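The block underneath contains the structure these notes are about, expressed in structure tokens.
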Amino acid sequence: MSSASAPASRRSPTPAPRLALTRAASAFGGALAQELVAAGVQVVGLDARAGRLEGVDWRPGDVAAPSVVAALDDVDVLLHVAFDPDLTHVLEVQPAARRARQIDEVRTLVTAAAAAGVAHLVVVTSTMVFGARRDNPVPLPEDHPGRAAESEGLVADLVAVEEELRALASVHPGLRTTIVRPAALVGPGVDTMITRHFEAPRLLRLRGTEPLWSFCHVADLGTALLAVAQGDSDPPAQVSVAAGGALTQGQVEELSGIRGIDVAEGTAYAAADRLHRLGVVPVPATDLAYVAHPWVSEPGWLTQAGWRPRYDNAACLAVLLDEVSGNRAVMARRVGARDAVGAAAAGAASAAVAAIATAALMRRRRGRGPTGQVR
């Protein structure tokens with residue numbers, strides 16, 4: 001009797017695909033790996049060092065080095081986390097060097113995956129690449145063109161990564177590629193400009209704007225990646241991951257218990273731009289758009305494939321608030337009691353502090369008193 005006609009109970013089970021995950025030793029990558037391991041998947045951990053999670057086949061090394069091809073020899077699907085949600089770590093690298101590194105990583109991984117016979121490369125970026133715009137449709141279709149206009153900053157880095165991936169994919173037609181774009185992430189290992197927005201004593205509201213808040217828990221991203229890697233139907237070129245729906249600014253303020261403060265849009269952008277140019281805050285002024293205008297996506301393909309999130313937006317917000325408890329930030333800059341900007345942060349929102357800090361900096365530049373203090 002041929003194997004094709006053998007009873008289902010006697011057929012050899014189809015082996016689960018072996019998935020390789022980059023940044024697997026980080027807190028965020030470890031949370032993703034844990035979801036994959038819990039699902040019974042064979043996980044290969046790729047990072048500069050081995051992590052502590054059991055059940056992972058750790059293969060330390062530089063993912064931007066050609067030698068990574070050896071680590072992919074028996075891998076079916078490569079999951080590359082291009083978006084690093086550890087803002088402290090990200091900001092330790094100069095912007096030009098950071099972008100060059102990200103481009104080197106995707107170039108090397110595409111070439112290595114193709115050479116090693118990897119069937120599918122999945123790259124994680126962010127829904128932010130759609131851009132935050134007043135006229136964005138709600139929700140954004142998964143195939144909506146990216147309209148992020150930033151030329152600098154973390155979002156611009158991800159746009160560059162996606163552009164590079166598309167260009168390289170055309171050179172390696174045998175390698176299937178999928179871009180996975182999660183909404184604003186929350187959960188273990190997540191520290192982003194969005195989570196730091198909620199570390200302010202009051203939430204910034206730009207007058208005349210109507211922000212909507214859509215989140216994605218790390219655990220849900222993990223199961224979404226598994227669905228993309230193992231799905232019975234081929235995913236599209238771009239897949240969105242989100243809790244579904246969105247919270248209004250009023251709902252966010254009510255659920256969080258954090259009051260908002262209204263600031264004129266022009267004033268906020270001018271203050272943010274000046275502080276960024278002076279090196280006081282780490283993110284460009286254009287990033288204010290992501291707390292002002294909608295960039296809400298829906299998990300269209302995933303929903304059709306049977307995927308369901310465990311965390312809705314309200315639950316995600318509760319997780320976020322628990323994670324940032326005790327921290328204080330001003331426009332993505334963490335501040336403390338001894339920080340000159342942090343002293344002003346005790347009772348004002350990000351934009352208001354920005355304006356105060358700008359004025360203080362201008363006074364400091366005009367002159368100092370005999371004791372060295374600002375006049």
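Naming scheme: A, B, ... for chains in displayed order of the structure tokens; residues 1 onward per chain; ligands 1 onward as shown.
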Polymer residues at most 9 Å from A:Leu320, only C-alpha atoms, same-chain spacing of 2 or more positions, as an MDAnalysis selection string | chainID A and resid 185:187 190 195 198 315:318 322:325
So which residues touch stretch 203-215 of chain A within 7 Å, counting only C-alpha atoms, skipping near sequence neighbours fewer than 3 positions away, as a ChimeraX atom specification?
-> /A:183-185,198,200,242-243,245-249,258-265,291-294,296,313,316,349-351
How would the residues just picked look written out with N, CA and C atoms as an mmCIF file, in the first residue's frame?
data_model
loop_
_atom_site.group_PDB
_atom_site.id
_atom_site.type_symbol
_atom_site.label_atom_id
_atom_site.label_comp_id
_atom_site.auth_asym_id
_atom_site.auth_seq_id
_atom_site.Cartn_x
_atom_site.Cartn_y
_atom_site.Cartn_z
ATOM 1 N N ALA A 183 0.872 46.925 15.833
ATOM 2 C CA ALA A 183 0.470 48.225 16.351
ATOM 3 C C ALA A 183 1.380 48.583 17.528
ATOM 4 N N ALA A 184 1.048 49.644 18.255
ATOM 5 C CA ALA A 184 1.875 50.072 19.384
ATOM 6 C C ALA A 184 2.040 48.919 20.369
ATOM 7 N N LEU A 185 3.276 48.476 20.558
ATOM 8 C CA LEU A 185 3.546 47.296 21.363
ATOM 9 C C LEU A 185 3.496 47.583 22.864
ATOM 10 N N PHE A 198 3.157 57.718 27.953
ATOM 11 C CA PHE A 198 2.297 57.482 29.116
ATOM 12 C C PHE A 198 3.070 57.579 30.434
ATOM 13 N N ALA A 200 4.388 60.495 31.175
ATOM 14 C CA ALA A 200 4.234 61.903 31.530
ATOM 15 C C ALA A 200 3.136 62.052 32.580
ATOM 16 N N ALA A 242 -2.791 43.630 15.476
ATOM 17 C CA ALA A 242 -3.335 44.594 16.424
ATOM 18 C C ALA A 242 -4.441 43.940 17.228
ATOM 19 N N ALA A 243 -4.786 44.572 18.335
ATOM 20 C CA ALA A 243 -5.857 44.054 19.173
ATOM 21 C C ALA A 243 -7.213 44.169 18.490
ATOM 22 N N GLY A 245 -9.830 47.330 16.499
ATOM 23 C CA GLY A 245 -10.517 48.525 16.971
ATOM 24 C C GLY A 245 -9.531 49.545 17.513
ATOM 25 N N ALA A 246 -10.044 50.504 18.247
ATOM 26 C CA ALA A 246 -9.187 51.561 18.792
ATOM 27 C C ALA A 246 -9.879 52.260 19.949
ATOM 28 N N LEU A 247 -9.075 52.851 20.814
ATOM 29 C CA LEU A 247 -9.579 53.681 21.911
ATOM 30 C C LEU A 247 -9.447 55.147 21.535
ATOM 31 N N THR A 248 -10.430 55.941 21.912
ATOM 32 C CA THR A 248 -10.340 57.379 21.708
ATOM 33 C C THR A 248 -9.461 57.983 22.798
ATOM 34 N N GLN A 249 -9.068 59.227 22.608
ATOM 35 C CA GLN A 249 -8.275 59.911 23.627
ATOM 36 C C GLN A 249 -9.044 59.988 24.940
ATOM 37 N N ILE A 258 -5.165 59.376 33.826
ATOM 38 C CA ILE A 258 -4.212 60.463 33.576
ATOM 39 C C ILE A 258 -4.930 61.556 32.793
ATOM 40 N N ARG A 259 -4.957 62.738 33.327
ATOM 41 C CA ARG A 259 -5.622 63.842 32.638
ATOM 42 C C ARG A 259 -4.787 64.324 31.459
ATOM 43 N N GLY A 260 -5.469 64.904 30.504
ATOM 44 C CA GLY A 260 -4.781 65.461 29.353
ATOM 45 C C GLY A 260 -4.526 66.947 29.512
ATOM 46 N N ILE A 261 -3.673 67.478 28.669
ATOM 47 C CA ILE A 261 -3.422 68.914 28.634
ATOM 48 C C ILE A 261 -3.364 69.334 27.176
ATOM 49 N N ASP A 262 -4.110 70.384 26.835
ATOM 50 C CA ASP A 262 -4.194 70.850 25.455
ATOM 51 C C ASP A 262 -3.074 71.834 25.155
ATOM 52 N N VAL A 263 -2.414 71.621 24.032
ATOM 53 C CA VAL A 263 -1.340 72.503 23.586
ATOM 54 C C VAL A 263 -1.543 72.760 22.103
ATOM 55 N N ALA A 264 -1.340 74.007 21.683
ATOM 56 C CA ALA A 264 -1.454 74.324 20.266
ATOM 57 C C ALA A 264 -0.458 73.496 19.470
ATOM 58 N N GLU A 265 -0.894 72.967 18.326
ATOM 59 C CA GLU A 265 -0.050 72.066 17.547
ATOM 60 C C GLU A 265 1.243 72.750 17.112
ATOM 61 N N VAL A 291 1.140 60.674 18.379
ATOM 62 C CA VAL A 291 0.238 60.835 19.527
ATOM 63 C C VAL A 291 -0.848 61.845 19.211
ATOM 64 N N ALA A 292 -0.961 62.201 17.915
ATOM 65 C CA ALA A 292 -1.947 63.204 17.516
ATOM 66 C C ALA A 292 -2.895 62.702 16.431
ATOM 67 N N HIS A 293 -2.372 61.969 15.455
ATOM 68 C CA HIS A 293 -3.173 61.546 14.305
ATOM 69 C C HIS A 293 -3.299 60.025 14.265
ATOM 70 N N PRO A 294 -4.328 59.502 13.609
ATOM 71 C CA PRO A 294 -4.554 58.048 13.617
ATOM 72 C C PRO A 294 -3.582 57.275 12.743
ATOM 73 N N VAL A 296 -4.186 53.543 12.814
ATOM 74 C CA VAL A 296 -4.848 52.334 13.292
ATOM 75 C C VAL A 296 -4.947 51.303 12.172
ATOM 76 N N ASN A 313 -7.657 46.247 23.463
ATOM 77 C CA ASN A 313 -6.928 47.505 23.666
ATOM 78 C C ASN A 313 -6.939 47.959 25.122
ATOM 79 N N CYS A 316 -4.449 45.888 26.956
ATOM 80 C CA CYS A 316 -3.098 46.314 26.570
ATOM 81 C C CYS A 316 -2.697 47.593 27.291
ATOM 82 N N ALA A 349 2.663 68.242 31.136
ATOM 83 C CA ALA A 349 2.773 67.243 30.078
ATOM 84 C C ALA A 349 3.998 67.505 29.228
ATOM 85 N N SER A 350 4.273 66.610 28.325
ATOM 86 C CA SER A 350 5.499 66.658 27.540
ATOM 87 C C SER A 350 5.685 67.981 26.819
ATOM 88 N N ALA A 351 4.669 68.409 26.093
ATOM 89 C CA ALA A 351 4.823 69.631 25.307
ATOM 90 C C ALA A 351 5.009 70.850 26.196
#
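The closest residue to A:Ala97, picked from A:Asp157, A:Leu46, A:Val129, A:Gly55 and counting only C-alpha atoms, is A:Asp157.
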Between atom CA of A:His217 and atom CA of A:Arg308 lies a distance of 11.9 Å
What's the 9 Å shell around A:Val124, counting only C-alpha atoms, without same-chain residues fewer than 4 positions away, as a list in words?
-> Leu79, His80, Val81, Ala82, Phe83, Thr178, Ile179, Val180, Arg181, Pro182 and Leu225 of chain A
Produce a file of the selected residues containing N, CA and C atoms, as a CSV table (one decimal), in the first residue's frame.
chain,number,residue,atom,x,y,z
A,79,LEU,N,12.6,34.5,11.3
A,79,LEU,CA,11.9,35.7,11.8
A,79,LEU,C,12.9,36.7,12.2
A,80,HIS,N,12.9,37.8,11.5
A,80,HIS,CA,13.9,38.9,11.9
A,80,HIS,C,13.1,40.1,12.5
A,81,VAL,N,13.5,40.4,13.7
A,81,VAL,CA,12.9,41.5,14.4
A,81,VAL,C,13.7,42.8,14.1
A,82,ALA,N,13.3,43.5,13.1
A,82,ALA,CA,14.0,44.7,12.7
A,82,ALA,C,13.6,45.9,13.6
A,83,PHE,N,12.5,45.8,14.2
A,83,PHE,CA,12.0,46.9,15.2
A,83,PHE,C,12.5,46.5,16.6
A,178,THR,N,7.7,38.2,4.0
A,178,THR,CA,6.5,38.9,4.5
A,178,THR,C,6.9,39.9,5.6
A,179,ILE,N,6.3,41.1,5.5
A,179,ILE,CA,6.5,42.1,6.5
A,179,ILE,C,5.4,42.1,7.5
A,180,VAL,N,5.7,42.0,8.8
A,180,VAL,CA,4.7,42.0,9.8
A,180,VAL,C,4.8,43.3,10.6
A,181,ARG,N,3.7,44.0,10.6
A,181,ARG,CA,3.6,45.3,11.3
A,181,ARG,C,2.7,45.3,12.5
A,182,PRO,N,3.3,45.2,13.7
A,182,PRO,CA,2.4,45.3,14.9
A,182,PRO,C,2.0,46.8,15.2
A,225,LEU,N,3.1,35.7,14.6
A,225,LEU,CA,4.2,35.3,13.9
A,225,LEU,C,4.1,33.8,13.6
Excluding A:Val118 and any residue of its chain fewer than 4 positions from it, enumerate the residues within 10 Å of it, using only C-alpha atoms, and give them as a ChimeraX atom specification.
-> /A:18-20,69,72-78,110,112-114,174-176
Include C-alpha atoms and write out the residues we just selected as a PDB file, in the first residue's frame.
ATOM      1  CA  ARG A  18      12.117  25.045  12.536  1.00  0.00           C
ATOM      2  CA  LEU A  19      11.917  28.793  13.172  1.00  0.00           C
ATOM      3  CA  ALA A  20      14.938  31.036  13.723  1.00  0.00           C
ATOM      4  CA  VAL A  69      24.451  31.376   6.955  1.00  0.00           C
ATOM      5  CA  LEU A  72      20.416  28.866   9.108  1.00  0.00           C
ATOM      6  CA  ASP A  73      21.427  25.533   7.602  1.00  0.00           C
ATOM      7  CA  ASP A  74      18.391  23.594   8.908  1.00  0.00           C
ATOM      8  CA  VAL A  75      15.953  26.512   9.316  1.00  0.00           C
ATOM      9  CA  ASP A  76      12.607  26.619   7.502  1.00  0.00           C
ATOM     10  CA  VAL A  77      11.419  30.113   8.481  1.00  0.00           C
ATOM     11  CA  LEU A  78      13.555  33.058   9.604  1.00  0.00           C
ATOM     12  CA  VAL A 110      18.265  37.917   2.937  1.00  0.00           C
ATOM     13  CA  ALA A 112      22.130  34.079   3.959  1.00  0.00           C
ATOM     14  CA  ALA A 113      18.530  32.833   4.004  1.00  0.00           C
ATOM     15  CA  ALA A 114      18.533  32.377   0.244  1.00  0.00           C
ATOM     16  CA  GLY A 174      12.885  31.737  -4.431  1.00  0.00           C
ATOM     17  CA  LEU A 175      12.751  33.313  -0.960  1.00  0.00           C
ATOM     18  CA  ARG A 176       9.253  34.230   0.177  1.00  0.00           C
TER      19      ARG A 176
END
Quick one: residues within 8 Å of A:Thr192, only C-alpha atoms counted, chain neighbours fewer than 2 positions away excluded, as JSON, numbers by chain?
-> {"A": [85, 86, 87, 190, 194, 195, 196, 332]}
Can you list, as number ranges by chain, every protein, DNA or RNA residue that comes within 12 Å of A:Ala169 when you count only C-alpha atoms, leaving out same-chain residues fewer than 2 positions away?
-> A: 106-107, 109-111, 113-114, 120-123, 162-167, 171-179, 237
Residue selection dump (C-alpha atoms) as a PDB file, in the first residue's frame:
ATOM      1  CA  VAL A 106      18.502  42.793   6.437  1.00  0.00           C
ATOM      2  CA  ARG A 107      20.961  42.569   3.520  1.00  0.00           C
ATOM      3  CA  LEU A 109      19.943  37.878   6.355  1.00  0.00           C
ATOM      4  CA  VAL A 110      18.265  37.917   2.937  1.00  0.00           C
ATOM      5  CA  THR A 111      21.446  36.667   1.248  1.00  0.00           C
ATOM      6  CA  ALA A 113      18.530  32.833   4.004  1.00  0.00           C
ATOM      7  CA  ALA A 114      18.533  32.377   0.244  1.00  0.00           C
ATOM      8  CA  HIS A 120      10.307  32.099   4.210  1.00  0.00           C
ATOM      9  CA  LEU A 121      11.730  35.312   5.684  1.00  0.00           C
ATOM     10  CA  VAL A 122       9.436  37.278   7.998  1.00  0.00           C
ATOM     11  CA  VAL A 123      10.559  40.785   9.002  1.00  0.00           C
ATOM     12  CA  GLU A 162      11.292  47.762   4.276  1.00  0.00           C
ATOM     13  CA  GLU A 163      12.506  49.448   1.085  1.00  0.00           C
ATOM     14  CA  GLU A 164      15.744  47.464   1.221  1.00  0.00           C
ATOM     15  CA  LEU A 165      13.870  44.216   1.797  1.00  0.00           C
ATOM     16  CA  ARG A 166      11.626  44.759  -1.226  1.00  0.00           C
ATOM     17  CA  ALA A 167      14.605  45.540  -3.443  1.00  0.00           C
ATOM     18  CA  VAL A 171      16.862  39.459  -6.551  1.00  0.00           C
ATOM     19  CA  HIS A 172      15.966  36.232  -4.689  1.00  0.00           C
ATOM     20  CA  PRO A 173      12.576  35.153  -6.077  1.00  0.00           C
ATOM     21  CA  GLY A 174      12.885  31.737  -4.431  1.00  0.00           C
ATOM     22  CA  LEU A 175      12.751  33.313  -0.960  1.00  0.00           C
ATOM     23  CA  ARG A 176       9.253  34.230   0.177  1.00  0.00           C
ATOM     24  CA  THR A 177       9.163  37.430   2.258  1.00  0.00           C
ATOM     25  CA  THR A 178       6.502  38.867   4.544  1.00  0.00           C
ATOM     26  CA  ILE A 179       6.545  42.119   6.500  1.00  0.00           C
ATOM     27  CA  ALA A 237       3.339  40.735   1.502  1.00  0.00           C
TER      28      ALA A 237
END
Using only C-alpha atoms, what table do you get, as CSV, when you list each residue of stretch 208-290 of chain A with an atom no more than 10 Å from stretch 298-305 of chain A, its nearest pair of atoms, and their distance in Å rounded to one decimal, rows by chain then rising number?
residue,atom,partner,partner_atom,distance
A:Ser214,CA,A:Glu298,CA,9.1
A:Ala224,CA,A:Leu302,CA,7.1
A:Leu225,CA,A:Leu302,CA,9.7
A:Ala227,CA,A:Leu302,CA,7.4
A:Val228,CA,A:Leu302,CA,7.9
A:Gly231,CA,A:Ala305,CA,7.2
A:Asp232,CA,A:Ala305,CA,8.1
A:Ser233,CA,A:Ala305,CA,7.5
A:Asp234,CA,A:Trp301,CA,9.7
A:Pro235,CA,A:Trp301,CA,7.0
A:Pro236,CA,A:Trp301,CA,7.6
A:Gln238,CA,A:Trp301,CA,9.3
A:Val239,CA,A:Trp301,CA,6.7
A:Ser240,CA,A:Pro299,CA,5.0
A:Val241,CA,A:Pro299,CA,5.0
A:Ala242,CA,A:Pro299,CA,5.8
A:Ala243,CA,A:Glu298,CA,7.8
A:Gly244,CA,A:Glu298,CA,5.6
A:Gly245,CA,A:Glu298,CA,7.1
A:Ala246,CA,A:Glu298,CA,9.5
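Residues of stretch 54-91 of chain A carrying a DSSP assignment of strand (DSSP E or B), computed from the backbone, are A:Val56, A:Asp57, A:Trp58, A:Val77, A:Leu78, A:Leu79, A:His80, A:Val81, A:Asp86.
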Between A:Ala31, A:Thr22, A:Ala16, A:Val319, which one has atoms that come closest to A:Gln230, using only C-alpha atoms?
-> A:Ala16
Apply DSSP to the structure's backbone, then extract all residues of stretch 38-282 of chain A labelled alpha helix (DSSP H) and return them as JSON, numbers by chain.
-> {"A": [38, 68, 69, 70, 71, 87, 88, 89, 90, 95, 96, 97, 98, 99, 100, 101, 102, 103, 104, 105, 106, 107, 108, 109, 110, 111, 112, 113, 114, 115, 116, 154, 155, 156, 157, 158, 159, 160, 161, 162, 163, 164, 165, 166, 167, 168, 169, 193, 194, 195, 196, 197, 218, 219, 220, 221, 222, 223, 224, 225, 226, 227, 228, 229, 230, 249, 250, 251, 252, 253, 254, 255, 256, 265, 266, 267, 268, 269, 270, 271, 272, 273, 274, 275, 276, 277]}
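Here atom CA of A:Asp104 and atom CA of A:Asp62 stand 10.9 Å from one another.
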